[in-house]
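Dropping coords12.cif in here (mmCIF, C-alpha atoms):
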data_my_file
#
loop_
_atom_site.group_PDB
_atom_site.id
_atom_site.type_symbol
_atom_site.label_atom_id
_atom_site.label_comp_id
_atom_site.auth_asym_id
_atom_site.auth_seq_id
_atom_site.Cartn_x
_atom_site.Cartn_y
_atom_site.Cartn_z
ATOM 1 C CA MET A 1 40.585 185.854 59.148
ATOM 2 C CA ILE A 2 39.141 185.242 62.588
ATOM 3 C CA THR A 3 40.849 182.254 64.254
ATOM 4 C CA ASN A 4 39.030 179.522 66.174
ATOM 5 C CA ASN A 5 40.653 180.750 69.343
ATOM 6 C CA ASP A 6 39.295 184.276 68.750
ATOM 7 C CA LEU A 7 35.868 182.801 68.065
ATOM 8 C CA ASP A 8 35.941 180.800 71.307
ATOM 9 C CA HIS A 9 36.595 184.016 73.198
ATOM 10 C CA VAL A 10 33.756 185.853 71.456
ATOM 11 C CA PHE A 11 31.177 183.107 71.991
ATOM 12 C CA HIS A 12 32.261 182.573 75.576
ATOM 13 C CA ALA A 13 31.898 186.320 76.210
ATOM 14 C CA LEU A 14 28.455 186.414 74.608
ATOM 15 C CA ALA A 15 27.238 183.326 76.456
ATOM 16 C CA HIS A 16 26.254 185.283 79.558
ATOM 17 C CA GLN A 17 23.195 187.449 80.008
ATOM 18 C CA THR A 18 24.943 190.128 82.075
ATOM 19 C CA ARG A 19 27.688 190.522 79.490
ATOM 20 C CA ARG A 20 25.146 190.854 76.690
ATOM 21 C CA GLN A 21 23.347 193.492 78.750
ATOM 22 C CA ILE A 22 26.625 195.347 79.245
ATOM 23 C CA LEU A 23 26.989 195.513 75.469
ATOM 24 C CA ASP A 24 23.395 196.809 75.186
ATOM 25 C CA PHE A 25 24.154 199.614 77.637
ATOM 26 C CA LEU A 26 27.371 200.505 75.801
ATOM 27 C CA ARG A 27 25.619 200.587 72.458
ATOM 28 C CA ASP A 28 23.006 202.966 73.886
ATOM 29 C CA GLU A 29 25.583 205.168 75.528
ATOM 30 C CA PRO A 30 29.125 204.797 74.160
ATOM 31 C CA GLY A 31 31.902 206.068 76.391
ATOM 32 C CA GLN A 32 30.163 205.227 79.680
ATOM 33 C CA ALA A 33 32.388 205.227 82.747
ATOM 34 C CA VAL A 34 32.738 201.930 84.640
ATOM 35 C CA GLY A 35 30.891 203.279 87.701
ATOM 36 C CA LYS A 36 27.893 204.383 85.702
ATOM 37 C CA LEU A 37 27.715 201.062 83.906
ATOM 38 C CA ALA A 38 28.000 199.081 87.157
ATOM 39 C CA ALA A 39 25.106 201.084 88.633
ATOM 40 C CA HIS A 40 22.749 199.409 86.132
ATOM 41 C CA PHE A 41 23.384 196.025 87.753
ATOM 42 C CA ASP A 42 22.510 194.462 91.044
ATOM 43 C CA VAL A 43 25.841 192.677 91.457
ATOM 44 C CA SER A 44 29.180 193.695 92.957
ATOM 45 C CA ARG A 45 31.529 196.000 91.138
ATOM 46 C CA ILE A 46 34.124 193.223 91.178
ATOM 47 C CA ALA A 47 31.731 190.922 89.310
ATOM 48 C CA ILE A 48 31.221 193.637 86.702
ATOM 49 C CA MET A 49 34.985 194.165 86.404
ATOM 50 C CA ASN A 50 35.359 190.426 85.725
ATOM 51 C CA HIS A 51 32.719 190.588 83.017
ATOM 52 C CA LEU A 52 34.484 193.579 81.494
ATOM 53 C CA SER A 53 37.772 191.727 81.279
ATOM 54 C CA VAL A 54 36.086 188.763 79.550
ATOM 55 C CA LEU A 55 34.524 191.161 77.031
ATOM 56 C CA GLU A 56 37.824 192.952 76.511
ATOM 57 C CA GLU A 57 39.646 189.645 75.985
ATOM 58 C CA ALA A 58 37.142 188.902 73.204
ATOM 59 C CA ASN A 59 37.756 192.364 71.682
ATOM 60 C CA LEU A 60 34.048 193.144 72.095
ATOM 61 C CA LEU A 61 34.888 195.990 74.413
ATOM 62 C CA VAL A 62 37.424 198.780 74.077
ATOM 63 C CA SER A 63 38.330 200.913 77.055
ATOM 64 C CA GLU A 64 40.067 204.253 77.081
ATOM 65 C CA LYS A 65 41.581 206.272 79.892
ATOM 66 C CA ASP A 66 40.129 209.751 80.249
ATOM 67 C CA GLY A 67 41.880 211.337 83.214
ATOM 68 C CA ARG A 68 40.949 209.118 86.158
ATOM 69 C CA THR A 69 37.901 207.596 84.481
ATOM 70 C CA ARG A 70 37.920 204.509 82.289
ATOM 71 C CA ARG A 71 35.517 204.949 79.385
ATOM 72 C CA LEU A 72 34.000 201.913 77.704
ATOM 73 C CA TYR A 73 33.022 201.368 74.076
ATOM 74 C CA LEU A 74 31.361 198.485 72.293
ATOM 75 C CA ASN A 75 33.498 197.091 69.450
ATOM 76 C CA LEU A 76 31.237 195.541 66.814
ATOM 77 C CA VAL A 77 33.956 194.108 64.593
ATOM 78 C CA PRO A 78 34.068 190.541 66.047
ATOM 79 C CA ILE A 79 30.285 190.237 65.635
ATOM 80 C CA GLN A 80 30.614 191.434 62.051
ATOM 81 C CA GLN A 81 33.256 188.731 61.492
ATOM 82 C CA ILE A 82 30.942 186.020 62.800
ATOM 83 C CA TYR A 83 28.253 187.340 60.500
ATOM 84 C CA GLU A 84 30.579 187.371 57.486
ATOM 85 C CA ARG A 85 31.742 183.831 58.093
ATOM 86 C CA TRP A 86 28.338 182.399 57.266
ATOM 87 C CA THR A 87 26.649 185.153 55.325
ATOM 88 C CA ASP A 88 27.059 186.854 51.984
ATOM 89 C CA ASP A 89 25.052 189.716 50.524
ATOM 90 C CA TYR A 90 22.552 187.405 48.871
ATOM 91 C CA THR A 91 21.771 185.296 51.909
ATOM 92 C CA ALA A 92 21.873 188.405 54.137
ATOM 93 C CA HIS A 93 19.011 189.867 52.166
ATOM 94 C CA TRP A 94 16.696 186.896 52.707
ATOM 95 C CA ALA A 95 17.759 186.227 56.282
ATOM 96 C CA GLY A 96 17.138 189.915 56.979
ATOM 97 C CA ARG A 97 13.662 189.670 55.442
ATOM 98 C CA VAL A 98 12.765 186.748 57.678
ATOM 99 C CA SER A 99 13.985 188.469 60.814
ATOM 100 C CA GLN A 100 12.122 191.690 59.876
ATOM 101 C CA ILE A 101 8.898 189.756 59.318
ATOM 102 C CA LYS A 102 9.315 188.013 62.685
ATOM 103 C CA PHE A 103 9.882 191.392 64.360
ATOM 104 C CA ALA A 104 6.926 193.078 62.637
ATOM 105 C CA ALA A 105 4.546 190.177 63.260
ATOM 106 C CA GLU A 106 5.470 189.883 66.926
ATOM 107 C CA GLN A 107 5.023 193.622 67.410
ATOM 108 C CA ALA A 108 1.619 193.489 65.743
ATOM 109 C CA ALA A 109 0.602 190.494 67.882
ATOM 110 C CA ALA A 110 1.724 192.283 71.049
ATOM 111 C CA LYS A 111 -0.427 195.274 70.117
ATOM 112 C CA ASP A 112 -3.532 193.071 69.713
ATOM 113 C CA GLN A 113 -3.210 191.678 73.205
ATOM 114 C CA MET B 114 30.890 216.864 77.425
ATOM 115 C CA THR B 115 28.441 213.951 77.418
ATOM 116 C CA THR B 116 27.441 214.549 73.828
ATOM 117 C CA GLU B 117 31.056 214.681 72.724
ATOM 118 C CA ILE B 118 31.693 211.274 74.246
ATOM 119 C CA ALA B 119 28.455 209.792 73.022
ATOM 120 C CA ASN B 120 29.487 210.850 69.529
ATOM 121 C CA LYS B 121 32.444 208.565 69.470
ATOM 122 C CA ALA B 122 32.584 205.034 68.110
ATOM 123 C CA ILE B 123 35.539 202.649 67.919
ATOM 124 C CA TYR B 124 36.026 199.767 65.468
ATOM 125 C CA LYS B 125 39.067 197.678 66.287
ATOM 126 C CA VAL B 126 40.734 194.581 64.882
ATOM 127 C CA VAL B 127 44.152 192.891 64.969
ATOM 128 C CA ILE B 128 45.634 192.532 61.497
ATOM 129 C CA ASN B 129 48.240 189.863 60.930
ATOM 130 C CA ALA B 130 50.692 191.875 58.806
ATOM 131 C CA PRO B 131 53.635 194.262 59.215
ATOM 132 C CA ILE B 132 52.638 197.798 60.206
ATOM 133 C CA GLU B 133 54.138 199.336 57.046
ATOM 134 C CA LYS B 134 51.938 197.143 54.900
ATOM 135 C CA VAL B 135 48.761 198.122 56.748
ATOM 136 C CA TRP B 136 49.739 201.787 56.579
ATOM 137 C CA SER B 137 50.514 201.739 52.877
ATOM 138 C CA GLU B 138 47.145 200.153 52.082
ATOM 139 C CA LEU B 139 45.399 202.714 54.242
ATOM 140 C CA VAL B 140 46.954 205.797 52.666
ATOM 141 C CA ARG B 141 47.149 204.612 49.063
ATOM 142 C CA THR B 142 46.021 207.318 46.641
ATOM 143 C CA ASP B 143 44.988 207.247 42.976
ATOM 144 C CA GLU B 144 44.068 203.543 42.989
ATOM 145 C CA VAL B 145 40.771 201.730 43.574
ATOM 146 C CA LEU B 146 40.399 200.925 47.290
ATOM 147 C CA PRO B 147 38.118 197.938 47.909
ATOM 148 C CA PHE B 148 38.096 198.712 51.653
ATOM 149 C CA PHE B 149 36.685 202.128 50.859
ATOM 150 C CA PHE B 150 33.747 200.851 48.804
ATOM 151 C CA GLY B 151 35.785 200.778 45.605
ATOM 152 C CA GLY B 152 36.545 204.494 45.788
ATOM 153 C CA VAL B 153 39.799 206.190 44.798
ATOM 154 C CA CYS B 154 41.491 208.608 47.204
ATOM 155 C CA LYS B 155 42.381 211.820 45.326
ATOM 156 C CA THR B 156 44.511 214.649 46.670
ATOM 157 C CA SER B 157 45.952 217.865 45.313
ATOM 158 C CA GLY B 158 49.500 216.496 45.739
ATOM 159 C CA GLY B 159 49.633 213.888 48.474
ATOM 160 C CA LEU B 160 48.135 213.431 51.907
ATOM 161 C CA GLU B 161 49.388 216.353 53.960
ATOM 162 C CA VAL B 162 48.016 218.108 57.035
ATOM 163 C CA GLY B 163 45.666 220.918 56.040
ATOM 164 C CA LYS B 164 45.258 219.597 52.490
ATOM 165 C CA ALA B 165 42.075 218.293 50.938
ATOM 166 C CA MET B 166 41.297 214.673 50.098
ATOM 167 C CA ALA B 167 38.351 213.257 48.190
ATOM 168 C CA MET B 168 37.011 209.739 47.691
ATOM 169 C CA GLU B 169 36.087 209.557 44.027
ATOM 170 C CA THR B 170 34.107 206.880 42.254
ATOM 171 C CA LYS B 171 36.164 204.765 39.867
ATOM 172 C CA SER B 172 35.005 206.801 36.875
ATOM 173 C CA GLY B 173 36.025 210.059 38.569
ATOM 174 C CA LYS B 174 32.568 211.482 37.993
ATOM 175 C CA TYR B 175 31.527 211.717 41.637
ATOM 176 C CA ARG B 176 33.206 212.601 44.906
ATOM 177 C CA SER B 177 31.180 210.722 47.526
ATOM 178 C CA VAL B 178 33.270 211.697 50.550
ATOM 179 C CA VAL B 179 35.467 214.762 50.999
ATOM 180 C CA GLY B 180 37.620 215.992 53.862
ATOM 181 C CA LYS B 181 40.720 217.700 55.074
ATOM 182 C CA VAL B 182 43.766 215.920 56.485
ATOM 183 C CA LEU B 183 44.002 216.733 60.211
ATOM 184 C CA GLU B 184 46.847 214.470 61.348
ATOM 185 C CA PHE B 185 49.356 212.454 59.370
ATOM 186 C CA GLU B 186 51.977 210.522 61.327
ATOM 187 C CA PRO B 187 53.194 207.461 59.383
ATOM 188 C CA PRO B 188 52.789 204.630 60.213
ATOM 189 C CA HIS B 189 50.756 205.206 63.384
ATOM 190 C CA ARG B 190 48.077 207.815 62.992
ATOM 191 C CA TYR B 191 46.029 209.417 60.252
ATOM 192 C CA SER B 192 42.927 211.492 60.698
ATOM 193 C CA HIS B 193 40.777 213.552 58.414
ATOM 194 C CA SER B 194 37.503 215.407 58.466
ATOM 195 C CA PHE B 195 34.801 213.456 56.701
ATOM 196 C CA LYS B 196 31.772 214.738 54.855
ATOM 197 C CA PHE B 197 29.313 212.758 52.759
ATOM 198 C CA THR B 198 28.700 215.026 49.763
ATOM 199 C CA GLY B 199 25.247 213.504 49.298
ATOM 200 C CA TYR B 200 24.019 214.643 52.735
ATOM 201 C CA ASP B 201 23.672 218.159 54.097
ATOM 202 C CA ASP B 202 25.254 217.185 57.426
ATOM 203 C CA PRO B 203 28.348 218.933 58.822
ATOM 204 C CA PRO B 204 31.667 217.039 58.610
ATOM 205 C CA CYS B 205 32.705 214.572 61.314
ATOM 206 C CA THR B 206 36.187 213.214 62.040
ATOM 207 C CA VAL B 207 37.688 209.826 61.219
ATOM 208 C CA THR B 208 40.904 208.728 62.912
ATOM 209 C CA TYR B 209 42.919 205.638 62.045
ATOM 210 C CA GLU B 210 45.321 204.317 64.679
ATOM 211 C CA LEU B 211 47.898 201.593 64.122
ATOM 212 C CA LYS B 212 49.744 199.967 67.001
ATOM 213 C CA GLU B 213 52.160 197.054 66.855
ATOM 214 C CA VAL B 214 51.083 194.205 69.142
ATOM 215 C CA ASP B 215 51.744 190.468 69.481
ATOM 216 C CA GLY B 216 50.439 188.850 66.314
ATOM 217 C CA GLY B 217 50.433 191.937 64.120
ATOM 218 C CA VAL B 218 48.924 195.374 64.158
ATOM 219 C CA GLU B 219 46.053 196.623 66.241
ATOM 220 C CA PHE B 220 44.065 198.715 63.812
ATOM 221 C CA SER B 221 41.388 201.104 65.074
ATOM 222 C CA LEU B 222 38.967 203.274 63.198
ATOM 223 C CA ILE B 223 37.505 205.954 65.447
ATOM 224 C CA THR B 224 34.686 208.260 64.443
ATOM 225 C CA THR B 225 34.072 211.432 66.429
ATOM 226 C CA ASN B 226 31.701 214.391 66.272
ATOM 227 C CA VAL B 227 29.235 212.439 64.175
ATOM 228 C CA PRO B 228 26.035 214.543 64.080
ATOM 229 C CA ALA B 229 23.509 212.481 66.096
ATOM 230 C CA GLY B 230 20.371 211.169 64.410
ATOM 231 C CA THR B 231 21.536 212.002 60.887
ATOM 232 C CA LYS B 232 22.082 209.977 57.735
ATOM 233 C CA THR B 233 25.795 210.525 58.331
ATOM 234 C CA GLU B 234 25.511 208.680 61.661
ATOM 235 C CA LYS B 235 23.890 205.705 59.961
ATOM 236 C CA GLY B 236 26.456 205.696 57.166
ATOM 237 C CA MET B 237 29.370 205.815 59.598
ATOM 238 C CA ALA B 238 28.012 202.914 61.654
ATOM 239 C CA GLN B 239 27.695 200.716 58.568
ATOM 240 C CA GLY B 240 30.958 201.907 57.039
ATOM 241 C CA GLY B 241 33.175 201.519 60.115
ATOM 242 C CA ASN B 242 32.802 197.742 60.360
ATOM 243 C CA TYR B 243 33.088 197.301 56.644
ATOM 244 C CA ILE B 244 36.314 199.289 56.312
ATOM 245 C CA VAL B 245 38.050 197.606 59.239
ATOM 246 C CA ASN B 246 37.180 194.072 58.065
ATOM 247 C CA THR B 247 37.891 194.587 54.387
ATOM 248 C CA LEU B 248 41.241 196.233 55.059
ATOM 249 C CA LYS B 249 42.151 193.261 57.277
ATOM 250 C CA SER B 250 41.209 190.795 54.567
ATOM 251 C CA ILE B 251 43.194 192.677 51.898
ATOM 252 C CA VAL B 252 46.367 193.048 53.934
ATOM 253 C CA GLU B 253 46.290 189.433 55.172
ATOM 254 C CA ASN B 254 45.064 187.607 52.062
ATOM 255 C CA GLY B 255 45.785 190.064 49.281
ATOM 256 C CA ALA B 256 42.094 190.257 48.373
ATOM 257 C CA PRO B 257 38.752 191.250 49.803
ATOM 258 C CA SER B 258 36.329 188.446 50.706
ATOM 259 C CA PHE B 259 33.935 187.037 48.125
ATOM 260 C CA GLY B 260 30.963 188.800 49.715
ATOM 261 C CA THR B 261 32.761 192.128 49.510
ATOM 262 C CA LYS B 262 33.654 191.609 45.855
ATOM 263 C CA LEU B 263 30.034 190.827 45.132
ATOM 264 C CA MET B 264 28.928 193.971 46.937
ATOM 265 C CA LEU B 265 31.451 196.149 45.098
ATOM 266 C CA GLY B 266 30.104 194.826 41.823
ATOM 267 C CA VAL B 267 26.574 195.729 42.841
ATOM 268 C CA MET B 268 27.631 199.174 44.029
ATOM 269 C CA GLY B 269 29.179 199.931 40.650
ATOM 270 C CA LEU B 270 25.736 199.482 39.141
ATOM 271 C CA PHE B 271 24.364 202.190 41.410
ATOM 272 C CA GLU B 272 26.647 204.977 40.194
ATOM 273 C CA PRO B 273 23.931 206.429 37.908
ATOM 274 C CA PHE B 274 21.789 206.969 41.028
ATOM 275 C CA THR B 275 24.380 209.080 42.849
ATOM 276 C CA PRO B 276 22.868 212.515 43.650
ATOM 277 C CA ALA B 277 23.942 215.340 41.341
ATOM 278 C CA GLN B 278 25.274 217.347 44.278
ATOM 279 C CA SER B 279 28.027 214.722 44.634
ATOM 280 C CA LYS B 280 29.438 215.458 41.153
ATOM 281 C CA SER B 281 33.198 215.966 41.279
ATOM 282 C CA ASP B 282 32.837 219.419 39.654
ATOM 283 C CA ASN B 283 30.965 220.608 42.751
ATOM 284 C CA TRP B 284 33.789 219.647 45.113
ATOM 285 C CA SER B 285 37.108 221.179 44.033
ATOM 286 C CA PHE B 286 40.094 220.772 46.368
ATOM 287 C CA ASN B 287 39.886 224.516 47.042
ATOM 288 C CA ASP B 288 36.262 224.252 48.135
ATOM 289 C CA ILE B 289 37.022 221.256 50.344
ATOM 290 C CA GLU B 290 39.853 223.088 52.112
ATOM 291 C CA LYS B 291 37.404 225.845 53.025
ATOM 292 C CA LEU B 292 34.970 223.409 54.694
#

Now that the file is in, can you turn its structure into structure tokens?
Amino acid sequence: MITNNDLDHVFHALAHQTRRQILDFLRDEPGQAVGKLAAHFDVSRIAIMNHLSVLEEANLLVSEKDGRTRRLYLNLVPIQQIYERWTDDYTAHWAGRVSQIKFAAEQAAAKDQ
Amino acid sequence: MTTEIANKAIYKVVINAPIEKVWSELVRTDEVLPFFFGGVCKTSGGLEVGKAMAMETKSGKYRSVVGKVLEFEPPHRYSHSFKFTGYDDPPCTVTYELKEVDGGVEFSLITTNVPAGTKTEKGMAQGGNYIVNTLKSIVENGAPSFGTKLMLGVMGLFEPFTPAQSKSDNWSFNDIEKL
């Protein structure tokens, strides 16, 4: 079970645009070094380090030492736990349909413009 | 170097249970494993480095995943090569790490050398989360969640649609050890 305290950490971590972007970059390139990740952003390295520790606290980020580099990985499990708390396979099917239709329709509309 | 790193994914969770209990669930053989999609882990005489293992369907008719044990260090580390018999992709590696921490056991599932852009990659991404969460639920509550039970029921219905190349006869322990 995921405790309320764990959940607070996860939602707090996700409630910031930069931290969500960090997770996007890590999904696209798992194992990125801290320096490379920081280069994507226009803020200080210290600010990025602070974001990383918030994400790590929430277990959304796993880091590994590789010689002198720290490699970063996205950990999807807490997001899966949020999903499972309110979803089952039946509701997932229909919710997934709705989100696919939204995605397809918006893409089609963007093409028309 | 870059590709090797990009081919790695980590799924991590803290499980509120003694490490021995997590380990024994993980390496249980010859019984249905809800955390492994209702499969049964079969071996030619126990999980041992260099020996074959196969995830069989409950009926024993199909071996959906086969591999060779690469590391076996109870109760901290277990890794095996991993090949979906239904896909023509080369095997990748799955490593399970258990570490005692405050509040239980930090359990990690790490996939490496997953061939990029393949069906195997997709399967591993879906499977990693599922395995980690279901194992947690079983060890902590003694049962998988309702949603998981429902899904296992549905998956049982799909056995007739398993590809013929996954039939157990096609994957003897000898063949697996040569992979």

Any chance you could work out the residue set of the PyMOL selection byres ((chain A and resi 23) around 12) here, as a ChimeraX atom specification? /A:13-14,16-22,24-32,37,51-52,55-56,59-62,72-76,79

Go ahead and save the residues from that selection, with C-alpha atoms, as a PDB file, in the coordinates of the input.
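Produced file again-v5.pdb, reproduced below:
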ATOM      1  CA  ALA A  13      31.898 186.320  76.210  1.00  0.00           C
ATOM      2  CA  LEU A  14      28.455 186.414  74.608  1.00  0.00           C
ATOM      3  CA  HIS A  16      26.254 185.283  79.558  1.00  0.00           C
ATOM      4  CA  GLN A  17      23.195 187.449  80.008  1.00  0.00           C
ATOM      5  CA  THR A  18      24.943 190.128  82.075  1.00  0.00           C
ATOM      6  CA  ARG A  19      27.688 190.522  79.490  1.00  0.00           C
ATOM      7  CA  ARG A  20      25.146 190.854  76.690  1.00  0.00           C
ATOM      8  CA  GLN A  21      23.347 193.492  78.750  1.00  0.00           C
ATOM      9  CA  ILE A  22      26.625 195.347  79.245  1.00  0.00           C
ATOM     10  CA  ASP A  24      23.395 196.809  75.186  1.00  0.00           C
ATOM     11  CA  PHE A  25      24.154 199.614  77.637  1.00  0.00           C
ATOM     12  CA  LEU A  26      27.371 200.505  75.801  1.00  0.00           C
ATOM     13  CA  ARG A  27      25.619 200.587  72.458  1.00  0.00           C
ATOM     14  CA  ASP A  28      23.006 202.966  73.886  1.00  0.00           C
ATOM     15  CA  GLU A  29      25.583 205.168  75.528  1.00  0.00           C
ATOM     16  CA  PRO A  30      29.125 204.797  74.160  1.00  0.00           C
ATOM     17  CA  GLY A  31      31.902 206.068  76.391  1.00  0.00           C
ATOM     18  CA  GLN A  32      30.163 205.227  79.680  1.00  0.00           C
ATOM     19  CA  LEU A  37      27.715 201.062  83.906  1.00  0.00           C
ATOM     20  CA  HIS A  51      32.719 190.588  83.017  1.00  0.00           C
ATOM     21  CA  LEU A  52      34.484 193.579  81.494  1.00  0.00           C
ATOM     22  CA  LEU A  55      34.524 191.161  77.031  1.00  0.00           C
ATOM     23  CA  GLU A  56      37.824 192.952  76.511  1.00  0.00           C
ATOM     24  CA  ASN A  59      37.756 192.364  71.682  1.00  0.00           C
ATOM     25  CA  LEU A  60      34.048 193.144  72.095  1.00  0.00           C
ATOM     26  CA  LEU A  61      34.888 195.990  74.413  1.00  0.00           C
ATOM     27  CA  VAL A  62      37.424 198.780  74.077  1.00  0.00           C
ATOM     28  CA  LEU A  72      34.000 201.913  77.704  1.00  0.00           C
ATOM     29  CA  TYR A  73      33.022 201.368  74.076  1.00  0.00           C
ATOM     30  CA  LEU A  74      31.361 198.485  72.293  1.00  0.00           C
ATOM     31  CA  ASN A  75      33.498 197.091  69.450  1.00  0.00           C
ATOM     32  CA  LEU A  76      31.237 195.541  66.814  1.00  0.00           C
ATOM     33  CA  ILE A  79      30.285 190.237  65.635  1.00  0.00           C
TER      34      ILE A  79
END

Using the chain letters and numbers from the file, give me the residues hit by the PyMOL selection byres ((chain B and resi 285-287) around 12), as a short mmCIF file (atom, residue, chain, number, x, y, z; two decimals) with C-alpha atoms, keeping the file's coordinate frame.
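Generated output (part20.cif):
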data_model
loop_
_atom_site.label_atom_id
_atom_site.label_comp_id
_atom_site.auth_asym_id
_atom_site.auth_seq_id
_atom_site.Cartn_x
_atom_site.Cartn_y
_atom_site.Cartn_z
CA LYS B 155 42.38 211.82 45.33
CA THR B 156 44.51 214.65 46.67
CA SER B 157 45.95 217.86 45.31
CA GLY B 158 49.50 216.50 45.74
CA GLY B 159 49.63 213.89 48.47
CA GLY B 163 45.67 220.92 56.04
CA LYS B 164 45.26 219.60 52.49
CA ALA B 165 42.08 218.29 50.94
CA MET B 166 41.30 214.67 50.10
CA ALA B 167 38.35 213.26 48.19
CA MET B 168 37.01 209.74 47.69
CA GLU B 169 36.09 209.56 44.03
CA TYR B 175 31.53 211.72 41.64
CA ARG B 176 33.21 212.60 44.91
CA VAL B 179 35.47 214.76 51.00
CA GLY B 180 37.62 215.99 53.86
CA LYS B 181 40.72 217.70 55.07
CA VAL B 182 43.77 215.92 56.48
CA THR B 198 28.70 215.03 49.76
CA SER B 279 28.03 214.72 44.63
CA LYS B 280 29.44 215.46 41.15
CA SER B 281 33.20 215.97 41.28
CA ASP B 282 32.84 219.42 39.65
CA ASN B 283 30.96 220.61 42.75
CA TRP B 284 33.79 219.65 45.11
CA ASP B 288 36.26 224.25 48.14
CA ILE B 289 37.02 221.26 50.34
CA GLU B 290 39.85 223.09 52.11
CA LYS B 291 37.40 225.84 53.02
CA LEU B 292 34.97 223.41 54.69
#

Evaluate the PyMOL selection byres ((chain B) within 8 of (chain A)) and report residues as a PyMOL selection string: chain B and resi 118-126+242+245-246+249-250+253+259-260+263-264

Record the distance separating atom CA of A:Asn4 and atom CA of B:Ile128, expressed in Å with one decimal. 15.3 Å

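Counting only C-alpha atoms and comparing B:Thr208, B:Thr275, B:Ser177, B:Thr225, the residue that lies closest to B:His193 is B:Thr208.
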